[in-house]
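Asks: The file below is model32.cif, mmCIF, C-alpha atoms and all ligand atoms:
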```cif
data_structure
loop_
_atom_site.label_atom_id
_atom_site.label_comp_id
_atom_site.auth_asym_id
_atom_site.auth_seq_id
_atom_site.Cartn_x
_atom_site.Cartn_y
_atom_site.Cartn_z
CA MET A 1 -5.45 -0.54 -12.48
CA ARG A 2 -5.99 -4.05 -11.12
CA ILE A 3 -4.58 -5.46 -7.87
CA ASP A 4 -5.02 -9.10 -6.81
CA ILE A 5 -4.29 -9.92 -3.18
CA MET A 6 -3.40 -13.48 -2.14
CA THR A 7 -4.17 -13.93 1.56
CA LEU A 8 -5.43 -16.28 4.28
CA PHE A 9 -7.64 -13.44 5.56
CA PRO A 10 -9.62 -12.06 2.60
CA ASP A 11 -12.47 -10.90 4.88
CA ALA A 12 -10.14 -8.61 6.82
CA VAL A 13 -8.75 -7.14 3.59
CA GLU A 14 -12.24 -6.73 2.07
CA ALA A 15 -13.49 -4.97 5.22
CA MET A 16 -10.79 -2.34 4.86
CA MET A 17 -10.93 -2.02 1.07
CA GLY A 18 -14.72 -1.70 0.92
CA SER A 19 -15.00 1.69 2.53
CA SER A 20 -13.87 5.28 2.16
CA ILE A 21 -11.99 6.56 -0.89
CA ILE A 22 -10.71 3.16 -2.06
CA GLY A 23 -14.19 1.62 -1.68
CA ARG A 24 -15.68 4.40 -3.81
CA ALA A 25 -12.91 4.07 -6.41
CA ARG A 26 -13.69 0.35 -6.69
CA GLU A 27 -17.41 1.00 -7.10
CA ARG A 28 -16.73 3.56 -9.81
CA GLY A 29 -14.38 1.22 -11.64
CA PHE A 30 -11.14 3.25 -11.31
CA VAL A 31 -9.44 0.31 -9.60
CA THR A 32 -10.23 -3.40 -9.44
CA ILE A 33 -9.14 -5.06 -6.22
CA GLN A 34 -9.71 -8.80 -5.93
CA THR A 35 -8.86 -10.92 -2.88
CA HIS A 36 -8.03 -14.64 -3.16
CA GLN A 37 -8.24 -17.15 -0.31
CA ILE A 38 -5.01 -19.18 -0.59
CA ARG A 39 -6.67 -22.00 1.39
CA ASP A 40 -9.08 -22.56 -1.53
CA TYR A 41 -6.10 -23.84 -3.55
CA THR A 42 -5.13 -26.68 -1.19
CA THR A 43 -5.61 -30.27 -2.30
CA ASN A 44 -5.81 -31.86 1.18
CA LYS A 45 -9.06 -32.47 3.10
CA GLN A 46 -7.99 -30.33 6.05
CA MET A 47 -7.24 -27.41 3.73
CA GLN A 48 -3.91 -27.09 5.49
CA VAL A 49 -1.57 -24.46 4.05
CA ASP A 50 1.42 -24.71 6.40
CA ASP A 51 3.84 -27.30 7.75
CA TYR A 52 6.90 -27.54 9.99
CA PRO A 53 10.12 -25.91 8.80
CA TYR A 54 12.86 -28.22 7.53
CA GLY A 55 15.92 -27.84 9.71
CA GLY A 56 13.85 -27.10 12.80
CA GLY A 57 13.02 -23.77 14.37
CA ARG A 58 9.81 -22.33 15.68
CA GLY A 59 6.47 -21.87 13.99
CA ALA A 60 5.24 -23.15 10.65
CA VAL A 61 6.04 -22.29 7.06
CA MET A 62 3.47 -21.67 4.31
CA GLN A 63 3.79 -24.46 1.75
CA ALA A 64 4.65 -23.80 -1.86
CA ASP A 65 1.86 -25.58 -3.68
CA PRO A 66 -1.35 -23.78 -2.56
CA LEU A 67 0.38 -20.45 -3.14
CA TYR A 68 1.60 -21.48 -6.55
CA ARG A 69 -1.80 -22.76 -7.65
CA CYS A 70 -3.50 -19.56 -6.47
CA TRP A 71 -0.90 -17.41 -8.31
CA GLN A 72 -1.21 -19.55 -11.46
CA HIS A 73 -4.99 -19.13 -11.41
CA ILE A 74 -4.66 -15.33 -11.32
CA CYS A 75 -2.03 -15.31 -14.11
CA ASP A 76 -4.11 -17.68 -16.27
CA GLU A 77 -7.05 -15.31 -15.99
CA ALA A 78 -4.77 -12.34 -16.76
CA GLY A 79 -3.34 -14.12 -19.81
CA GLY A 80 0.30 -14.01 -18.65
CA ARG A 81 2.75 -13.37 -15.81
CA VAL A 82 1.84 -10.47 -13.55
CA HIS A 83 4.29 -8.34 -11.51
CA THR A 84 4.15 -10.14 -8.16
CA ILE A 85 5.13 -8.49 -4.88
CA TYR A 86 5.80 -10.43 -1.69
CA MET A 87 5.12 -8.28 1.38
CA SER A 88 8.15 -8.87 3.59
CA PRO A 89 10.32 -7.02 6.11
CA CYS A 90 13.21 -8.26 3.94
CA GLY A 91 12.04 -6.21 0.94
CA ARG A 92 12.96 -2.74 -0.30
CA VAL A 93 11.25 -0.09 1.79
CA LEU A 94 8.08 1.51 0.43
CA THR A 95 8.41 5.24 -0.24
CA GLN A 96 6.35 7.68 -2.29
CA GLN A 97 8.89 7.13 -5.08
CA VAL A 98 8.24 3.36 -5.03
CA ALA A 99 4.46 3.95 -5.06
CA ARG A 100 4.84 6.25 -8.07
CA GLU A 101 7.04 3.68 -9.84
CA LEU A 102 4.51 0.87 -9.30
CA LYS A 103 1.68 3.03 -10.60
CA ALA A 104 3.69 4.18 -13.64
CA GLN A 105 5.12 0.80 -14.66
CA TYR A 106 2.30 -1.69 -14.06
CA ASP A 107 -1.43 -1.78 -14.63
CA HIS A 108 -1.75 -5.12 -12.84
CA LEU A 109 -0.13 -6.23 -9.56
CA ILE A 110 -0.33 -9.35 -7.41
CA LEU A 111 0.36 -8.86 -3.68
CA VAL A 112 1.30 -12.00 -1.72
CA CYS A 113 0.61 -11.90 2.03
CA GLY A 114 2.61 -14.32 4.15
CA HIS A 115 1.90 -15.64 7.62
CA TYR A 116 3.50 -17.86 10.23
CA GLU A 117 7.29 -17.89 9.93
CA GLY A 118 7.30 -17.23 6.19
CA ILE A 119 6.80 -18.90 2.83
CA ASP A 120 8.69 -21.82 1.24
CA GLU A 121 11.53 -20.11 -0.63
CA ARG A 122 11.07 -22.23 -3.76
CA VAL A 123 7.69 -20.75 -4.64
CA LEU A 124 8.96 -17.24 -3.97
CA GLU A 125 11.77 -17.90 -6.46
CA GLU A 126 9.24 -18.94 -9.10
CA VAL A 127 6.58 -16.28 -8.76
CA VAL A 128 7.88 -13.19 -6.98
CA THR A 129 9.33 -10.30 -9.00
CA ASP A 130 9.56 -7.72 -6.19
CA TYR A 131 9.89 -7.72 -2.39
CA ILE A 132 8.49 -4.75 -0.47
CA SER A 133 8.60 -3.84 3.23
CA ILE A 134 6.53 -1.05 4.74
CA GLY A 135 9.19 -0.32 7.36
CA ASP A 136 11.80 -1.76 9.66
CA TYR A 137 9.52 -3.61 12.05
CA VAL A 138 7.87 -7.02 11.90
CA LEU A 139 4.12 -7.52 11.54
CA THR A 140 2.23 -10.78 12.15
CA GLY A 141 1.28 -11.01 8.47
CA GLY A 142 1.49 -9.22 5.14
CA GLU A 143 -2.13 -8.01 5.01
CA LEU A 144 -1.61 -4.62 6.64
CA ALA A 145 1.40 -4.03 4.40
CA ALA A 146 -0.62 -5.00 1.30
CA MET A 147 -3.34 -2.55 2.27
CA VAL A 148 -0.76 0.20 2.66
CA ILE A 149 0.51 -0.48 -0.88
CA VAL A 150 -3.00 -0.58 -2.34
CA ASP A 151 -3.83 2.74 -0.71
CA ALA A 152 -0.58 4.48 -1.68
CA VAL A 153 -0.73 3.25 -5.31
CA ALA A 154 -4.49 3.48 -5.95
CA ARG A 155 -4.70 7.11 -4.85
CA LEU A 156 -2.28 7.96 -7.68
CA VAL A 157 -4.69 6.56 -10.28
CA PRO A 158 -6.47 9.46 -12.03
CA GLY A 159 -10.04 9.82 -10.77
CA VAL A 160 -9.54 7.98 -7.47
CA LEU A 161 -9.12 11.10 -5.34
CA GLY A 162 -11.79 12.97 -7.26
CA ASN A 163 -9.87 16.18 -6.74
CA GLU A 164 -6.65 15.82 -8.75
CA GLN A 165 -5.24 18.88 -7.00
CA SER A 166 -4.91 17.07 -3.68
CA ALA A 167 -2.57 14.50 -5.23
CA LEU A 168 -0.45 17.33 -6.55
CA THR A 169 -0.07 19.38 -3.36
CA GLU A 170 0.21 16.42 -0.99
CA SER A 171 3.21 15.65 1.18
CA PHE A 172 6.16 14.30 -0.81
CA HIS A 173 5.15 15.86 -4.10
CA GLY A 174 8.39 17.63 -4.97
CA GLU A 175 9.93 15.79 -1.99
CA LEU A 176 8.53 18.28 0.56
CA LEU A 177 6.15 17.59 3.44
CA GLU A 178 2.75 19.22 3.29
CA HIS A 179 2.15 22.60 4.98
CA PRO A 180 -0.23 22.78 7.99
CA GLN A 181 -3.97 22.96 7.23
CA TYR A 182 -6.74 24.88 9.02
CA SER A 183 -10.52 24.97 8.87
CA ARG A 184 -13.32 26.82 10.69
CA PRO A 185 -13.60 28.31 13.28
CA ASP A 186 -10.85 30.90 12.82
CA VAL A 187 -10.19 30.90 16.59
CA TRP A 188 -10.16 27.60 18.51
CA HIS A 189 -8.89 27.16 22.11
CA GLY A 190 -7.53 30.68 21.77
CA LYS A 191 -5.45 29.75 18.72
CA LYS A 192 -5.88 31.86 15.58
CA VAL A 193 -5.57 30.64 12.02
CA PRO A 194 -2.47 32.29 10.46
CA GLU A 195 -3.53 35.73 9.22
CA VAL A 196 -2.18 35.22 5.71
CA LEU A 197 -4.69 32.38 5.04
CA LEU A 198 -7.57 34.81 5.67
CA SER A 199 -6.02 37.57 3.57
CA GLY A 200 -7.47 36.49 0.22
CA ASN A 201 -4.08 37.25 -1.39
CA GLN A 202 -3.33 34.01 -3.28
CA LYS A 203 0.28 34.95 -4.03
CA HIS A 204 1.02 35.50 -0.33
CA ILE A 205 -0.87 32.34 0.59
CA ASP A 206 1.11 30.21 -1.88
CA ALA A 207 4.40 31.69 -0.66
CA TRP A 208 3.44 30.95 2.97
CA LYS A 209 2.51 27.36 2.12
CA LYS A 210 5.82 26.79 0.35
CA GLU A 211 7.77 28.31 3.24
CA GLN A 212 5.90 26.15 5.79
CA SER A 213 6.56 23.03 3.69
CA ILE A 214 10.29 23.78 3.63
CA LEU A 215 10.41 24.52 7.38
CA ARG A 216 8.49 21.36 8.24
CA THR A 217 10.65 19.20 5.98
CA LYS A 218 13.87 20.65 7.48
CA GLU A 219 12.55 19.99 10.99
CA ARG A 220 11.00 16.55 10.56
CA ARG A 221 12.67 14.89 7.54
CA PRO A 222 15.94 16.73 6.92
CA TYR A 223 17.16 13.87 4.69
CA LEU A 224 14.37 14.56 2.17
N1 LIG B 301 5.25 -8.66 6.85
C1 LIG B 301 5.66 -8.65 8.14
N2 LIG B 301 6.27 -7.50 8.43
C2 LIG B 301 6.25 -6.74 7.29
C3 LIG B 301 6.75 -5.46 6.95
N3 LIG B 301 7.39 -4.69 7.81
N4 LIG B 301 6.55 -5.03 5.69
C4 LIG B 301 5.92 -5.80 4.78
N5 LIG B 301 5.44 -7.02 5.06
C5 LIG B 301 5.60 -7.49 6.29
#
```
Please express the file's structure as C-alpha cells.
Ligand code: ADE

Replies:
Amino acid sequence: MRIDIMTLFPDAVEAMMGSSIIGRARERGFVTIQTHQIRDYTTNKQMQVDDYPYGGGRGAVMQADPLYRCWQHICDEAGGRVHTIYMSPCGRVLTQQVARELKAQYDHLILVCGHYEGIDERVLEEVVTDYISIGDYVLTGGELAAMVIVDAVARLVPGVLGNEQSALTESFHGELLEHPQYSRPDVWHGKKVPEVLLSGNQKHIDAWKKEQSILRTKERRPYL
C-alpha cells in the first residue's frame, strides 16, 4: 500500500510516521508513505501558498494552484488519477468500517492536509474524490487527521502488525469492543487478575473474553 501526504508540515508528519509500528512497516516495505511539501509547488518568489478569501471573512485560504501542481506531480508519477482524500470536518466520519473499505478498495491514496480557513473550492472539485473527518470537532490543520487515517489503514495491511491475530481480536472486529487485558504481576494494588485467565482452560477463557466484550460494548457503545 502507498500513501502520499500533501502538507505544509512534512517534518511533523515524518516525525510521527518514522517511529513505532508504522515506522517499522515502512522500513520493511509493507507500506510506502511519502510526504510532499505543498510550498515546493509555488511559482512565486515568496513561496506563498495562501491569500485572502474572496467575499471577506477572517483568515486566509490555501490557493488552488500549488495544491494542484503537487497533486498532479504525484499522479504523474503514479501513472494516473489516485483516490484523493481531503481531511475536513465536513467529511464523512472515519470509523473502522471506513478504514477497512479504504484498505480493501485502494492500494494507493493521496491525503490532502488543509490549513488556515480552508482550500479554494475549485481545486477540491478537480482533485478530491473523498472527504473524511476524524470527528465532530475542528483541528488547526489536517495533519493529525491524516496520521490517524494512515495508522488505522496501514495496520490492516498484512504484515504490518507482525502478529495477524491482534488485528483479528481487536476492538471493532465483529463490531464489539475489546475485552480488558492483564499482565504480570497477578496482584497489583490489591487487585487480582480475573481467576479464569489463570485457569489454563482456553474454552473458559474465550467465553469470558466474549462475555466481557459484549458487556463493555453494551456499557460504552450501545449503538454498536
Ligand atoms: N481538519 C480540521 N478538523 C478536522 C477534522 N475533525 N477531521 C479531519 N480533518 C480536519

Asks: Mind checking which residues fall within 12 Å of A:Ala146, counting all atoms listed in the file, ignoring those fewer than 2 positions away in the same chain, and posting them as an mmCIF file with C-alpha atoms, keeping the file's coordinate frame?

Replies:
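And here's around-v8.cif as it stands now:
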```cif
data_model
loop_
_atom_site.group_PDB
_atom_site.id
_atom_site.type_symbol
_atom_site.label_atom_id
_atom_site.label_comp_id
_atom_site.auth_asym_id
_atom_site.auth_seq_id
_atom_site.Cartn_x
_atom_site.Cartn_y
_atom_site.Cartn_z
ATOM 1 C CA ILE A 3 -4.580 -5.460 -7.870
ATOM 2 C CA ASP A 4 -5.020 -9.100 -6.810
ATOM 3 C CA ILE A 5 -4.290 -9.920 -3.180
ATOM 4 C CA MET A 6 -3.400 -13.480 -2.140
ATOM 5 C CA THR A 7 -4.170 -13.930 1.560
ATOM 6 C CA PHE A 9 -7.640 -13.440 5.560
ATOM 7 C CA PRO A 10 -9.620 -12.060 2.600
ATOM 8 C CA ALA A 12 -10.140 -8.610 6.820
ATOM 9 C CA VAL A 13 -8.750 -7.140 3.590
ATOM 10 C CA GLU A 14 -12.240 -6.730 2.070
ATOM 11 C CA MET A 16 -10.790 -2.340 4.860
ATOM 12 C CA MET A 17 -10.930 -2.020 1.070
ATOM 13 C CA ILE A 33 -9.140 -5.060 -6.220
ATOM 14 C CA THR A 35 -8.860 -10.920 -2.880
ATOM 15 C CA THR A 84 4.150 -10.140 -8.160
ATOM 16 C CA ILE A 85 5.130 -8.490 -4.880
ATOM 17 C CA TYR A 86 5.800 -10.430 -1.690
ATOM 18 C CA MET A 87 5.120 -8.280 1.380
ATOM 19 C CA SER A 88 8.150 -8.870 3.590
ATOM 20 C CA LEU A 94 8.080 1.510 0.430
ATOM 21 C CA LEU A 109 -0.130 -6.230 -9.560
ATOM 22 C CA ILE A 110 -0.330 -9.350 -7.410
ATOM 23 C CA LEU A 111 0.360 -8.860 -3.680
ATOM 24 C CA VAL A 112 1.300 -12.000 -1.720
ATOM 25 C CA CYS A 113 0.610 -11.900 2.030
ATOM 26 C CA GLY A 114 2.610 -14.320 4.150
ATOM 27 C CA TYR A 131 9.890 -7.720 -2.390
ATOM 28 C CA ILE A 132 8.490 -4.750 -0.470
ATOM 29 C CA SER A 133 8.600 -3.840 3.230
ATOM 30 C CA ILE A 134 6.530 -1.050 4.740
ATOM 31 C CA LEU A 139 4.120 -7.520 11.540
ATOM 32 C CA GLY A 141 1.280 -11.010 8.470
ATOM 33 C CA GLY A 142 1.490 -9.220 5.140
ATOM 34 C CA GLU A 143 -2.130 -8.010 5.010
ATOM 35 C CA LEU A 144 -1.610 -4.620 6.640
ATOM 36 C CA VAL A 148 -0.760 0.200 2.660
ATOM 37 C CA ILE A 149 0.510 -0.480 -0.880
ATOM 38 C CA VAL A 150 -3.000 -0.580 -2.340
ATOM 39 C CA ASP A 151 -3.830 2.740 -0.710
ATOM 40 C CA ALA A 152 -0.580 4.480 -1.680
ATOM 41 C CA VAL A 153 -0.730 3.250 -5.310
ATOM 42 C CA ALA A 154 -4.490 3.480 -5.950
#
```

Asks: Using all atoms listed in the file, can you list as a PDB file with C-alpha atoms, keeping the file's coordinate frame the residues within 7 Å of (-0.1, -27.4, 5.4)?

Replies:
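Saved as selection14.pdb:
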```
ATOM      1  CA  GLN A  48      -3.910 -27.090   5.490  1.00  0.00           C
ATOM      2  CA  VAL A  49      -1.570 -24.460   4.050  1.00  0.00           C
ATOM      3  CA  ASP A  50       1.420 -24.710   6.400  1.00  0.00           C
ATOM      4  CA  ASP A  51       3.840 -27.300   7.750  1.00  0.00           C
ATOM      5  CA  MET A  62       3.470 -21.670   4.310  1.00  0.00           C
ATOM      6  CA  GLN A  63       3.790 -24.460   1.750  1.00  0.00           C
TER       7      GLN A  63
END
```

Asks: Of the candidates A:Val128, A:Met1, A:Val138, A:Cys70, which shows the shortest atom-to-atom distance to ligand LIG 301 (chain B), using only C-alpha atoms and all ligand atoms?

Replies: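 Smallest separation from ligand LIG 301 (chain B) among the options: A:Val138.
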
Asks: Once you count all atoms listed in the file, which residues end up no further than 12 Å from (2.5, 20.4, 7.8) in the file's frame, shown as a PDB file with C-alpha atoms, keeping the file's coordinate frame?

Replies:
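Contents of selection03.pdb, as written:
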```
ATOM      1  CA  THR A 169      -0.070  19.380  -3.360  1.00  0.00           C
ATOM      2  CA  GLU A 170       0.210  16.420  -0.990  1.00  0.00           C
ATOM      3  CA  SER A 171       3.210  15.650   1.180  1.00  0.00           C
ATOM      4  CA  PHE A 172       6.160  14.300  -0.810  1.00  0.00           C
ATOM      5  CA  LEU A 176       8.530  18.280   0.560  1.00  0.00           C
ATOM      6  CA  LEU A 177       6.150  17.590   3.440  1.00  0.00           C
ATOM      7  CA  GLU A 178       2.750  19.220   3.290  1.00  0.00           C
ATOM      8  CA  HIS A 179       2.150  22.600   4.980  1.00  0.00           C
ATOM      9  CA  PRO A 180      -0.230  22.780   7.990  1.00  0.00           C
ATOM     10  CA  GLN A 181      -3.970  22.960   7.230  1.00  0.00           C
ATOM     11  CA  TYR A 182      -6.740  24.880   9.020  1.00  0.00           C
ATOM     12  CA  TRP A 208       3.440  30.950   2.970  1.00  0.00           C
ATOM     13  CA  LYS A 209       2.510  27.360   2.120  1.00  0.00           C
ATOM     14  CA  LYS A 210       5.820  26.790   0.350  1.00  0.00           C
ATOM     15  CA  GLU A 211       7.770  28.310   3.240  1.00  0.00           C
ATOM     16  CA  GLN A 212       5.900  26.150   5.790  1.00  0.00           C
ATOM     17  CA  SER A 213       6.560  23.030   3.690  1.00  0.00           C
ATOM     18  CA  ILE A 214      10.290  23.780   3.630  1.00  0.00           C
ATOM     19  CA  LEU A 215      10.410  24.520   7.380  1.00  0.00           C
ATOM     20  CA  ARG A 216       8.490  21.360   8.240  1.00  0.00           C
ATOM     21  CA  THR A 217      10.650  19.200   5.980  1.00  0.00           C
ATOM     22  CA  LYS A 218      13.870  20.650   7.480  1.00  0.00           C
ATOM     23  CA  GLU A 219      12.550  19.990  10.990  1.00  0.00           C
ATOM     24  CA  ARG A 220      11.000  16.550  10.560  1.00  0.00           C
ATOM     25  CA  ARG A 221      12.670  14.890   7.540  1.00  0.00           C
TER      26      ARG A 221
END
```

Asks: Using all atoms listed in the file, which of A:Val193, A:Val187, A:Val160, A:Met147 sits nearest A:Ala15?

Replies: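 For A:Ala15, the nearest of the given residues is A:Met147.
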
Asks: Quick one, how far is atom CA of A:Tyr52 from atom CA of A:Val82?

Replies: 29.5 Å

Asks: So which one's closest to ligand LIG 301 (chain B), A:Val93, A:Leu224, A:Ala99, A:Val61? Using all atoms listed in the file, please.

Replies: A:Val93

Asks: As lines of an AutoDock Vina configuration file, please: the centre and edge lengths in Å, to one decimal, of an axis-aligned box enclosing every listed atom of stretch 46-65 of chain A with 3 Å added on each side.

Replies:
```
center_x = 4.0
center_y = -26.0
center_z = 6.0
size_x = 29.9
size_y = 14.7
size_z = 25.4
```
